[in-house]
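Next up, target37.cif (mmCIF, C-alpha atoms and all ligand atoms):
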```cif
data_structure
#
loop_
_atom_site.label_atom_id
_atom_site.label_comp_id
_atom_site.auth_asym_id
_atom_site.auth_seq_id
_atom_site.Cartn_x
_atom_site.Cartn_y
_atom_site.Cartn_z
CA MET H 91 0.00 0.00 0.00
CA GLN H 92 1.42 3.37 -1.04
CA LEU H 93 1.13 5.86 1.83
CA PHE H 94 2.34 9.46 1.81
CA ASP H 95 3.98 11.67 4.40
CA HIS H 96 1.85 14.83 4.44
CA HIS H 97 2.93 16.02 7.90
CA VAL H 98 6.56 16.97 8.60
CA HIS H 99 8.12 19.76 10.68
CA THR H 100 11.42 21.58 10.34
CA ARG H 101 13.40 24.01 12.46
CA TYR H 102 10.74 26.64 11.60
CA SER H 103 8.48 24.90 14.12
CA ALA H 104 9.54 25.99 17.61
CA CYS H 105 8.97 22.48 18.99
CA CYS H 106 11.47 21.05 16.48
CA HIS H 107 14.90 21.05 18.06
CA GLU H 108 16.96 19.80 15.13
CA ARG H 109 18.25 22.14 12.45
CA TYR H 110 17.26 20.26 9.28
CA ASP H 111 15.19 21.94 6.58
CA LEU H 112 13.15 21.08 3.50
CA ARG H 113 16.25 19.93 1.62
CA GLU H 114 16.85 17.09 4.11
CA ILE H 115 13.15 16.19 4.07
CA ALA H 116 13.06 15.95 0.28
CA MET H 117 16.21 13.81 0.29
CA ALA H 118 14.86 11.53 3.03
CA HIS H 119 11.48 11.09 1.30
CA ASP H 120 13.24 10.41 -1.98
CA ARG H 121 15.53 7.82 -0.36
CA LEU H 122 12.49 6.09 1.17
CA GLY H 123 10.78 5.90 -2.23
CA PHE H 124 7.96 8.41 -1.77
CA PRO H 125 6.74 9.76 -5.13
CA TYR H 126 6.57 13.31 -3.74
CA SER H 127 7.66 15.20 -0.65
CA CYS H 128 5.80 17.46 1.79
CA VAL H 129 6.57 19.88 4.60
CA SER H 130 4.04 21.36 7.06
CA ASP H 131 5.36 23.64 9.78
CA HIS H 132 3.23 25.08 12.56
CA VAL H 133 1.14 28.21 12.20
CA HIS H 134 0.03 28.84 15.77
CA SER H 135 -0.66 32.56 15.41
CA GLY H 136 -0.81 35.34 12.86
CA ARG H 137 2.91 35.91 13.44
CA ASP H 138 3.81 32.51 11.95
CA GLY H 139 4.03 31.53 8.30
CA GLY H 140 6.99 33.45 6.88
CA PHE H 141 8.61 30.04 6.44
CA VAL H 142 6.32 29.20 3.50
CA ALA H 143 8.22 31.62 1.26
CA GLU H 144 11.52 30.26 2.58
CA HIS H 145 10.50 26.65 1.85
CA GLN H 146 9.43 27.72 -1.62
CA ARG H 147 12.91 29.18 -2.18
CA VAL H 148 14.52 25.90 -1.05
CA ARG H 149 12.18 24.02 -3.36
CA ALA H 150 13.20 26.20 -6.31
CA GLY H 151 16.84 25.51 -5.42
CA LEU H 152 16.21 21.78 -5.35
CA ALA H 153 14.54 21.89 -8.77
CA ALA H 154 17.35 24.02 -10.18
CA GLY H 155 19.83 21.44 -8.84
CA GLY H 156 18.08 18.64 -10.74
CA PHE H 157 15.79 17.24 -8.02
CA GLU H 158 12.89 15.90 -10.05
CA LYS H 159 10.22 14.80 -7.61
CA PRO H 160 7.42 17.20 -6.67
CA VAL H 161 7.72 19.00 -3.34
CA LEU H 162 4.62 20.44 -1.66
CA VAL H 163 4.85 23.23 0.87
CA GLY H 164 1.97 23.09 3.32
CA VAL H 165 1.18 24.37 6.80
CA GLU H 166 -0.22 22.85 9.97
CA ALA H 167 -2.60 25.56 11.18
CA SER H 168 -3.76 25.48 14.79
CA ILE H 169 -7.46 25.99 15.43
CA VAL H 170 -7.22 28.96 17.75
CA ASP H 171 -10.75 29.25 19.16
CA PHE H 172 -14.19 27.65 19.32
CA GLU H 173 -15.18 29.56 16.18
CA GLY H 174 -12.70 27.40 14.29
CA HIS H 175 -10.48 30.27 13.21
CA LEU H 176 -7.14 29.41 11.62
CA PRO H 177 -4.43 32.09 11.99
CA LEU H 178 -3.39 32.15 8.33
CA GLY H 179 -2.93 35.95 8.05
CA GLY H 180 0.87 35.80 8.41
CA VAL H 181 1.41 33.05 5.86
CA GLU H 182 3.65 34.37 3.09
CA GLY H 183 2.67 32.97 -0.26
CA GLN H 184 0.09 30.35 -1.09
CA PRO H 185 0.57 27.02 0.71
CA ASP H 186 -0.01 23.94 -1.43
CA PHE H 187 -2.09 22.32 1.31
CA VAL H 188 -3.43 23.04 4.77
CA LEU H 189 -3.62 20.68 7.73
CA CYS H 190 -5.65 21.98 10.64
CA SER H 191 -5.46 20.68 14.18
CA ASP H 192 -5.96 21.59 17.82
CA HIS H 193 -3.03 22.00 20.20
CA TRP H 194 -5.22 23.66 22.83
CA ILE H 195 -8.99 23.85 23.37
CA GLY H 196 -10.19 27.43 23.15
CA ASP H 197 -9.75 29.29 26.42
CA THR H 198 -10.39 26.26 28.67
CA GLY H 199 -6.78 25.89 29.80
CA ILE H 200 -6.76 22.37 28.29
CA THR H 201 -3.60 22.51 26.22
CA MET H 202 -0.72 20.41 24.99
CA SER H 203 1.67 22.86 26.63
CA ASP H 204 0.45 21.81 30.12
CA LEU H 205 -0.59 18.16 30.01
CA GLN H 206 -0.67 17.57 33.76
CA GLY H 207 -2.70 20.70 34.40
CA SER H 208 -5.01 19.75 31.51
CA ALA H 209 -5.49 16.24 32.94
CA ARG H 210 -6.39 17.75 36.32
CA ARG H 211 -8.94 20.06 34.73
CA VAL H 212 -10.58 17.31 32.69
CA ARG H 213 -10.62 14.90 35.64
CA ALA H 214 -12.29 17.53 37.80
CA MET H 215 -14.98 17.95 35.11
CA HIS H 216 -15.52 14.17 34.96
CA ASP H 217 -16.14 14.18 38.71
CA ALA H 218 -17.96 17.45 39.27
CA ASP H 219 -19.79 18.22 36.06
CA PRO H 220 -19.97 15.43 33.47
CA HIS H 221 -22.73 17.29 31.59
CA ALA H 222 -20.45 20.27 31.07
CA LEU H 223 -17.73 17.91 29.84
CA LYS H 224 -20.09 16.38 27.25
CA ALA H 225 -21.09 19.89 26.20
CA LEU H 226 -17.40 20.70 25.80
CA TYR H 227 -16.93 17.68 23.54
CA ALA H 228 -19.80 18.91 21.37
CA ASP H 229 -18.18 22.37 21.28
CA VAL H 230 -14.87 20.85 20.18
CA ALA H 231 -16.65 18.85 17.47
CA ARG H 232 -18.37 22.06 16.27
CA MET H 233 -14.99 23.81 16.40
CA TYR H 234 -13.58 21.21 13.98
CA VAL H 235 -16.61 21.52 11.71
CA LYS H 236 -16.29 25.31 11.61
CA ALA H 237 -12.54 25.10 10.94
CA ILE H 238 -12.98 22.80 7.96
CA THR H 239 -16.04 24.50 6.50
CA ARG H 240 -14.87 28.12 6.92
CA HIS H 241 -11.35 27.56 5.60
CA ASP H 242 -9.86 25.81 2.62
CA VAL H 243 -8.53 22.81 4.51
CA ASP H 244 -7.24 19.50 3.14
CA VAL H 245 -6.74 17.46 6.29
CA LEU H 246 -8.07 17.39 9.84
CA ALA H 247 -4.83 16.44 11.60
CA HIS H 248 -4.66 14.31 14.77
CA PRO H 249 -8.32 14.76 15.88
CA PHE H 250 -8.82 14.89 19.69
CA ASP H 251 -5.08 14.75 20.32
CA THR H 252 -5.20 17.46 22.99
CA PHE H 253 -7.65 15.34 24.98
CA MET H 254 -5.70 12.16 24.28
CA ARG H 255 -2.37 13.70 25.30
CA ALA H 256 -4.04 14.45 28.65
CA SER H 257 -4.99 10.72 28.90
CA ASN H 258 -8.68 11.46 28.37
CA PHE H 259 -9.97 8.55 26.31
CA ASP H 260 -13.63 9.18 27.07
CA LYS H 261 -16.18 7.01 25.25
CA ALA H 262 -18.37 10.09 24.85
CA LEU H 263 -15.78 11.61 22.51
CA LEU H 264 -16.50 8.79 20.06
CA ASP H 265 -20.11 9.97 19.77
CA ALA H 266 -18.95 13.55 19.24
CA PHE H 267 -16.74 12.43 16.36
CA GLY H 268 -19.58 11.27 14.07
CA PRO H 269 -20.75 14.78 13.09
CA VAL H 270 -17.13 15.78 12.49
CA CYS H 271 -16.66 12.89 10.06
CA GLU H 272 -19.93 13.80 8.35
CA ALA H 273 -18.61 17.34 7.82
CA CYS H 274 -15.26 15.99 6.55
CA GLN H 275 -17.17 13.81 4.11
CA ALA H 276 -19.21 16.78 2.85
CA ALA H 277 -16.20 19.11 2.58
CA GLY H 278 -13.80 16.54 1.11
CA VAL H 279 -11.45 16.89 4.07
CA ALA H 280 -9.29 13.89 4.96
CA VAL H 281 -8.94 12.59 8.52
CA GLU H 282 -5.34 12.08 9.56
CA VAL H 283 -3.77 8.88 10.83
CA ASN H 284 -0.81 10.52 12.55
CA ASN H 285 2.17 8.23 13.15
CA GLN H 286 3.07 9.91 16.44
CA SER H 287 -0.52 9.58 17.70
CA VAL H 288 -0.66 5.92 16.69
CA LYS H 289 2.62 5.32 18.52
CA ARG H 290 1.37 7.03 21.66
CA GLN H 291 -2.11 5.52 21.70
CA MET H 292 -1.28 1.98 20.66
CA GLU H 293 2.08 1.58 22.43
CA LEU H 294 3.29 4.26 24.83
CA PHE H 295 -0.11 4.82 26.47
CA SER H 296 -1.19 1.19 26.30
CA ARG H 297 -0.50 0.75 30.02
CA THR H 298 -1.41 4.30 31.04
CA ARG H 299 -4.28 4.40 33.45
CA PRO H 300 -7.06 6.34 31.77
CA LEU H 301 -8.02 9.56 33.48
CA HIS H 302 -11.38 8.37 34.72
CA ALA H 303 -13.72 5.36 34.89
CA ASP H 304 -15.65 6.75 31.88
CA CYS H 305 -12.53 6.32 29.75
CA LEU H 306 -11.41 3.39 27.63
CA PRO H 307 -7.89 2.00 27.42
CA ALA H 308 -5.87 4.12 24.97
CA PRO H 309 -5.58 1.50 22.17
CA GLU H 310 -9.28 0.65 22.31
CA PHE H 311 -10.26 4.32 22.24
CA TYR H 312 -8.05 5.08 19.26
CA THR H 313 -9.17 2.03 17.32
CA ARG H 314 -12.83 2.84 17.89
CA LEU H 315 -12.25 6.49 16.94
CA PHE H 316 -11.01 5.43 13.52
CA LYS H 317 -13.76 2.86 13.13
CA VAL H 318 -16.18 5.78 13.49
CA ALA H 319 -14.37 7.62 10.68
CA ALA H 320 -14.20 4.49 8.52
CA GLY H 321 -18.00 4.32 8.70
CA TYR H 322 -18.22 7.57 6.72
CA ASP H 323 -17.18 8.19 3.14
CA VAL H 324 -14.08 10.14 4.19
CA LEU H 325 -10.55 9.98 2.93
CA PHE H 326 -7.66 9.42 5.32
CA SER H 327 -4.28 11.11 5.24
CA THR H 328 -1.03 9.81 6.69
CA GLY H 329 1.87 11.74 8.16
CA SER H 330 4.98 11.07 10.20
CA ASP H 331 4.58 14.36 12.16
CA ALA H 332 8.37 14.20 12.33
CA HIS H 333 10.05 16.68 14.65
CA VAL H 334 13.44 14.93 14.39
CA ALA H 335 15.22 13.91 11.20
CA ARG H 336 15.09 10.18 11.90
CA ASP H 337 11.26 10.23 11.97
CA ILE H 338 10.86 11.76 8.49
CA GLY H 339 8.82 9.39 6.36
CA ASP H 340 8.33 6.89 9.18
CA LEU H 341 4.77 5.59 8.76
CA ARG H 342 5.37 2.08 10.08
CA ARG H 343 3.01 2.25 13.02
CA SER H 344 0.33 3.95 10.94
CA ARG H 345 0.64 1.22 8.36
CA GLN H 346 0.15 -1.52 10.98
CA PHE H 347 -2.84 0.32 12.40
CA ILE H 348 -4.41 0.89 8.97
CA GLU H 349 -3.91 -2.72 7.96
CA ALA H 350 -5.41 -3.97 11.23
CA LEU H 351 -8.45 -1.77 10.59
CA GLY H 352 -8.66 -2.96 6.98
CA ILE H 353 -8.83 0.53 5.45
CA PRO H 354 -8.09 0.09 1.73
CA GLU H 355 -5.48 2.07 -0.20
CA ARG H 356 -8.07 3.87 -2.31
CA ARG H 357 -9.30 5.67 0.79
CA PHE H 358 -6.02 7.55 1.30
CA LEU H 359 -5.50 11.11 0.18
CA SER H 360 -2.83 11.54 -2.48
CA PHE H 361 -1.56 14.88 -3.75
CA ASP H 362 -0.23 13.17 -6.87
CA GLY H 363 -2.78 14.91 -9.08
CA ARG H 364 -1.83 18.40 -7.90
CA THR H 365 1.91 18.08 -8.13
CA ARG H 366 4.20 19.06 -10.93
CA PRO H 367 7.88 18.26 -11.27
CA GLY H 368 9.94 20.68 -9.23
CA GLY H 369 6.83 22.43 -7.93
ZN ZN A 1 -0.01 19.05 15.60
ZN ZN A 2 2.58 18.45 13.58
#
```

Would you encode the structure as structure tokens?
Ligand SMILES: [Zn+2]
Ligand SMILES: [Zn+2]
Amino acid sequence: MQLFDHHVHTRYSACCHERYDLREIAMAHDRLGFPYSCVSDHVHSGRDGGFVAEHQRVRAGLAAGGFEKPVLVGVEASIVDFEGHLPLGGVEGQPDFVLCSDHWIGDTGITMSDLQGSARRVRAMHDADPHALKALYADVARMYVKAITRHDVDVLAHPFDTFMRASNFDKALLDAFGPVCEACQAAGVAVEVNNQSVKRQMELFSRTRPLHADCLPAPEFYTRLFKVAAGYDVLFSTGSDAHVARDIGDLRRSRQFIEALGIPERRFLSFDGRTRPGG
């Protein structure tokens, strides 16, 4: 099965601590046999996105040097609020594709930058106000729907990862995901199978005690989440979400997960049709 790496970071993403750039990504993807290469650095705020023009310059240099495979310059745009806004105002030039994802949940204080604090907040809601928690899940689902319908988005990246990073594998999130998948189906937006998320959910978190009795074990939650998506006519997208050079193009865990779920190759997003040599 031919999979593609649509999600890769470089030193332009603050969380990436190695100094490689698009040149190394293109070389790594080429070496691994991918038919085209992609890069997708973070756009967390309107101040981010100058890197798109820089990547495009590197791409032009690669083409001028005889590199023949297509290279796509995308962005991973954070969903900044419950209205689903993406902070694309600072992006210089036209990205070839847009991933959107949550790294924090509105102004709730539930955020990837404070996982322990986020876990405490969510656990307190489980105990004190489960109705408010379910309402929050519905708000997050609506946030995704707004993000993908109000913006020109190609992929919903790592859905519910902020909750999952905080060890919240609540069954009720599975119900909230249906309407999101319906919207992805209608808008032609692919749902991402993120290699880092698969690794965390299926392996690293497999022995993690879920946050609360309402939660499932991490692997079961993640498997059921993607069974929900598979029940809709949505495409899937794969990505290494590499933040270090050795992870570029590594889709091994995603591949195992996809094969176990039996999702066929034709259901995976390919940018082959929109690429041109050197561009
Ligand atoms: Zn992300
Ligand atoms: Zn990422």

Rows by chain and residue number, chain H within 10 Å of ligand ZN 2 (chain A), shortest pair, only C-alpha atoms and all ligand atoms, as CSV:
```
residue,atom,partner,partner_atom,distance
H:His96,CA,A:ZN2,ZN,9.9
H:His97,CA,A:ZN2,ZN,6.2
H:Val98,CA,A:ZN2,ZN,6.5
H:His99,CA,A:ZN2,ZN,6.4
H:Thr100,CA,A:ZN2,ZN,9.9
H:Ser103,CA,A:ZN2,ZN,8.8
H:Cys105,CA,A:ZN2,ZN,9.3
H:Cys106,CA,A:ZN2,ZN,9.7
H:Val129,CA,A:ZN2,ZN,9.9
H:Ser130,CA,A:ZN2,ZN,7.3
H:Asp131,CA,A:ZN2,ZN,7.0
H:His132,CA,A:ZN2,ZN,6.7
H:Val133,CA,A:ZN2,ZN,10.0
H:Val165,CA,A:ZN2,ZN,9.1
H:Glu166,CA,A:ZN2,ZN,6.3
H:Ala167,CA,A:ZN2,ZN,9.1
H:Ser168,CA,A:ZN2,ZN,9.5
H:Leu189,CA,A:ZN2,ZN,8.8
H:Cys190,CA,A:ZN2,ZN,9.4
H:Ser191,CA,A:ZN2,ZN,8.4
H:His193,CA,A:ZN2,ZN,9.4
H:Ala247,CA,A:ZN2,ZN,7.9
H:His248,CA,A:ZN2,ZN,8.4
H:Asn284,CA,A:ZN2,ZN,8.7
H:Gln286,CA,A:ZN2,ZN,9.0
H:Gly329,CA,A:ZN2,ZN,8.7
H:Ser330,CA,A:ZN2,ZN,8.5
H:Asp331,CA,A:ZN2,ZN,4.8
H:Ala332,CA,A:ZN2,ZN,7.3
H:His333,CA,A:ZN2,ZN,7.8
```

So, with all atoms listed in the file as the atoms that count, which of H:Gln146, H:Thr298, H:Thr328, H:Thr252 lies closest to ligand ZN 1 (chain A)?
H:Thr252

As a PyMOL selection string, please: the residues near range 253-258 of chain H (cut-off 6 Å, all atoms listed in the file, same-chain neighbours under 6 positions excluded).
chain H and resi 205+209+300-301

Can those selected residues be exported to a file as a compact mmCIF listing (two decimals), keeping the file's coordinate frame so that it contains C-alpha atoms?
```
# COMPACT_ATOMS: atom_id res chain seq x y z
CA LEU H 205 -0.59 18.16 30.01
CA ALA H 209 -5.49 16.24 32.94
CA PRO H 300 -7.06 6.34 31.77
CA LEU H 301 -8.02 9.56 33.48
```

Pick the closest to His175 in chain H from H:Leu223, H:Ile115, H:Leu162, H:Val243: which is it, counting all atoms listed in the file?
H:Val243

Around all of range 317-320 of chain H's listed atoms, make the axis-aligned box with 6 Å on each side and tell me centre and edge lengths in Å to one decimal, as AutoDock Vina command-line options.
```
--center_x -15.0 --center_y 5.2 --center_z 11.0 --size_x 14.4 --size_y 16.8 --size_z 17.0
```

Under the rule that only C-alpha atoms and all ligand atoms are counted, which of H:Phe259, H:Phe361, H:Trp194, H:Tyr234 is the nearest residue to ligand ZN 1 (chain A)?
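The shortest atom-to-atom distance to ligand ZN 1 (chain A) comes from H:Trp194.
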
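Of the residues listed (H:His145, H:Lys159, H:Lys261, H:Arg210), H:His145 shows the shortest atom-to-atom separation from Arg113 in chain H; distances use only C-alpha atoms.
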
Which of these, H:Asp229, H:Asp192, H:Glu108, H:Asp304, has the shortest distance to ligand ZN 1 (chain A) once you count all atoms listed in the file?
H:Asp192

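Using only C-alpha atoms and all ligand atoms for every distance, the candidate list H:Ala104, H:Leu294, H:Asp265, H:Ala273 yields H:Ala104 as the residue closest to ligand ZN 1 (chain A).
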
Quick one: residues within 12 Å of Met91 in chain H, all atoms listed in the file, excluding same-chain residues fewer than 5 positions away - as a VMD selection string?
chain H and resid 124 328 341 to 342 344 to 346 348 to 349 352 to 358

Requested write-out: C-alpha atoms of the selected residues, as a PDB file, in the frame of the given file:
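Output (part_20.pdb):
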```pdb
ATOM      1  CA  PHE H 124       7.960   8.410  -1.770  1.00  0.00           C
ATOM      2  CA  THR H 328      -1.030   9.810   6.690  1.00  0.00           C
ATOM      3  CA  LEU H 341       4.770   5.590   8.760  1.00  0.00           C
ATOM      4  CA  ARG H 342       5.370   2.080  10.080  1.00  0.00           C
ATOM      5  CA  SER H 344       0.330   3.950  10.940  1.00  0.00           C
ATOM      6  CA  ARG H 345       0.640   1.220   8.360  1.00  0.00           C
ATOM      7  CA  GLN H 346       0.150  -1.520  10.980  1.00  0.00           C
ATOM      8  CA  ILE H 348      -4.410   0.890   8.970  1.00  0.00           C
ATOM      9  CA  GLU H 349      -3.910  -2.720   7.960  1.00  0.00           C
ATOM     10  CA  GLY H 352      -8.660  -2.960   6.980  1.00  0.00           C
ATOM     11  CA  ILE H 353      -8.830   0.530   5.450  1.00  0.00           C
ATOM     12  CA  PRO H 354      -8.090   0.090   1.730  1.00  0.00           C
ATOM     13  CA  GLU H 355      -5.480   2.070  -0.200  1.00  0.00           C
ATOM     14  CA  ARG H 356      -8.070   3.870  -2.310  1.00  0.00           C
ATOM     15  CA  ARG H 357      -9.300   5.670   0.790  1.00  0.00           C
ATOM     16  CA  PHE H 358      -6.020   7.550   1.300  1.00  0.00           C
TER      17      PHE H 358
END
```

Which polymer residues, whether protein, DNA or RNA, lie within 10 Å of the coordinate (-16.9, 10.8, 19.4) when you count all atoms listed in the file? List them as a list of chain:residue names, using the chain letters and numbers from the file.
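Protein and nucleic acid residues near the point are H:Tyr227, H:Ala228, H:Ala231, H:Phe250, H:Asp260, H:Lys261, H:Ala262, H:Leu263, H:Leu264, H:Asp265, H:Ala266, H:Phe267, H:Gly268, H:Pro269, H:Val270, H:Cys271, H:Phe311, H:Arg314, H:Leu315, H:Phe316, H:Val318, H:Ala319.
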
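Counting from CA of Ala153 in chain H, the distance to atom ZN of ligand ZN 1 (chain A) is 28.5 Å.
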
Would you compute the distance between CA of Asp242 in chain H and CA of Gly151 in chain H? Give it in Å to one decimal.
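According to the coordinates, CA of Asp242 in chain H and CA of Gly151 in chain H are separated by 27.9 Å.
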
Around the point (9.0, 31.0, 3.3) (coordinates from the file), which residues reach within 10 Å if we count only C-alpha atoms? Answer as an mmCIF file with C-alpha atoms, keeping the file's coordinate frame.
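Listing of part.cif after writing:
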```cif
data_model
loop_
_atom_site.group_PDB
_atom_site.id
_atom_site.type_symbol
_atom_site.label_atom_id
_atom_site.label_comp_id
_atom_site.auth_asym_id
_atom_site.auth_seq_id
_atom_site.Cartn_x
_atom_site.Cartn_y
_atom_site.Cartn_z
ATOM 1 C CA TYR H 102 10.740 26.640 11.600
ATOM 2 C CA GLY H 139 4.030 31.530 8.300
ATOM 3 C CA GLY H 140 6.990 33.450 6.880
ATOM 4 C CA PHE H 141 8.610 30.040 6.440
ATOM 5 C CA VAL H 142 6.320 29.200 3.500
ATOM 6 C CA ALA H 143 8.220 31.620 1.260
ATOM 7 C CA GLU H 144 11.520 30.260 2.580
ATOM 8 C CA HIS H 145 10.500 26.650 1.850
ATOM 9 C CA GLN H 146 9.430 27.720 -1.620
ATOM 10 C CA ARG H 147 12.910 29.180 -2.180
ATOM 11 C CA VAL H 148 14.520 25.900 -1.050
ATOM 12 C CA VAL H 163 4.850 23.230 0.870
ATOM 13 C CA VAL H 181 1.410 33.050 5.860
ATOM 14 C CA GLU H 182 3.650 34.370 3.090
ATOM 15 C CA GLY H 183 2.670 32.970 -0.260
ATOM 16 C CA GLN H 184 0.090 30.350 -1.090
ATOM 17 C CA PRO H 185 0.570 27.020 0.710
#
```

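The spacing separating CA of Val235 in chain H from CA of Ser360 in chain H amounts to 22.2 Å.
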
Got a minute to add N, CA and C atoms to range 251-263 of chain H and dump it as an mmCIF file, keeping the file's coordinate frame?
```
data_model
loop_
_atom_site.group_PDB
_atom_site.id
_atom_site.type_symbol
_atom_site.label_atom_id
_atom_site.label_comp_id
_atom_site.auth_asym_id
_atom_site.auth_seq_id
_atom_site.Cartn_x
_atom_site.Cartn_y
_atom_site.Cartn_z
ATOM 1 N N ASP H 251 -6.378 15.027 19.712
ATOM 2 C CA ASP H 251 -5.080 14.750 20.320
ATOM 3 C C ASP H 251 -4.843 15.522 21.616
ATOM 4 N N THR H 252 -5.408 16.731 21.730
ATOM 5 C CA THR H 252 -5.200 17.460 22.990
ATOM 6 C C THR H 252 -5.814 16.681 24.147
ATOM 7 N N PHE H 253 -7.028 16.170 23.937
ATOM 8 C CA PHE H 253 -7.650 15.340 24.980
ATOM 9 C C PHE H 253 -6.846 14.058 25.215
ATOM 10 N N MET H 254 -6.402 13.439 24.125
ATOM 11 C CA MET H 254 -5.700 12.160 24.280
ATOM 12 C C MET H 254 -4.346 12.338 24.961
ATOM 13 N N ARG H 255 -3.663 13.450 24.641
ATOM 14 C CA ARG H 255 -2.370 13.700 25.300
ATOM 15 C C ARG H 255 -2.549 13.839 26.806
ATOM 16 N N ALA H 256 -3.736 14.314 27.226
ATOM 17 C CA ALA H 256 -4.040 14.450 28.650
ATOM 18 C C ALA H 256 -4.651 13.164 29.217
ATOM 19 N N SER H 257 -4.496 12.051 28.483
ATOM 20 C CA SER H 257 -4.990 10.720 28.900
ATOM 21 C C SER H 257 -6.500 10.647 29.046
ATOM 22 N N ASN H 258 -7.221 11.498 28.317
ATOM 23 C CA ASN H 258 -8.680 11.460 28.370
ATOM 24 C C ASN H 258 -9.208 10.682 27.166
ATOM 25 N N PHE H 259 -9.498 9.429 27.390
ATOM 26 C CA PHE H 259 -9.970 8.550 26.310
ATOM 27 C C PHE H 259 -11.453 8.248 26.541
ATOM 28 N N ASP H 260 -12.226 9.301 26.683
ATOM 29 C CA ASP H 260 -13.630 9.180 27.070
ATOM 30 C C ASP H 260 -14.471 8.616 25.923
ATOM 31 N N LYS H 261 -15.270 7.601 26.246
ATOM 32 C CA LYS H 261 -16.180 7.010 25.250
ATOM 33 C C LYS H 261 -17.059 8.061 24.597
ATOM 34 N N ALA H 262 -17.455 9.071 25.377
ATOM 35 C CA ALA H 262 -18.370 10.090 24.850
ATOM 36 C C ALA H 262 -17.744 10.886 23.697
ATOM 37 N N LEU H 263 -16.427 10.928 23.636
ATOM 38 C CA LEU H 263 -15.780 11.610 22.510
ATOM 39 C C LEU H 263 -16.056 10.887 21.192
#
```
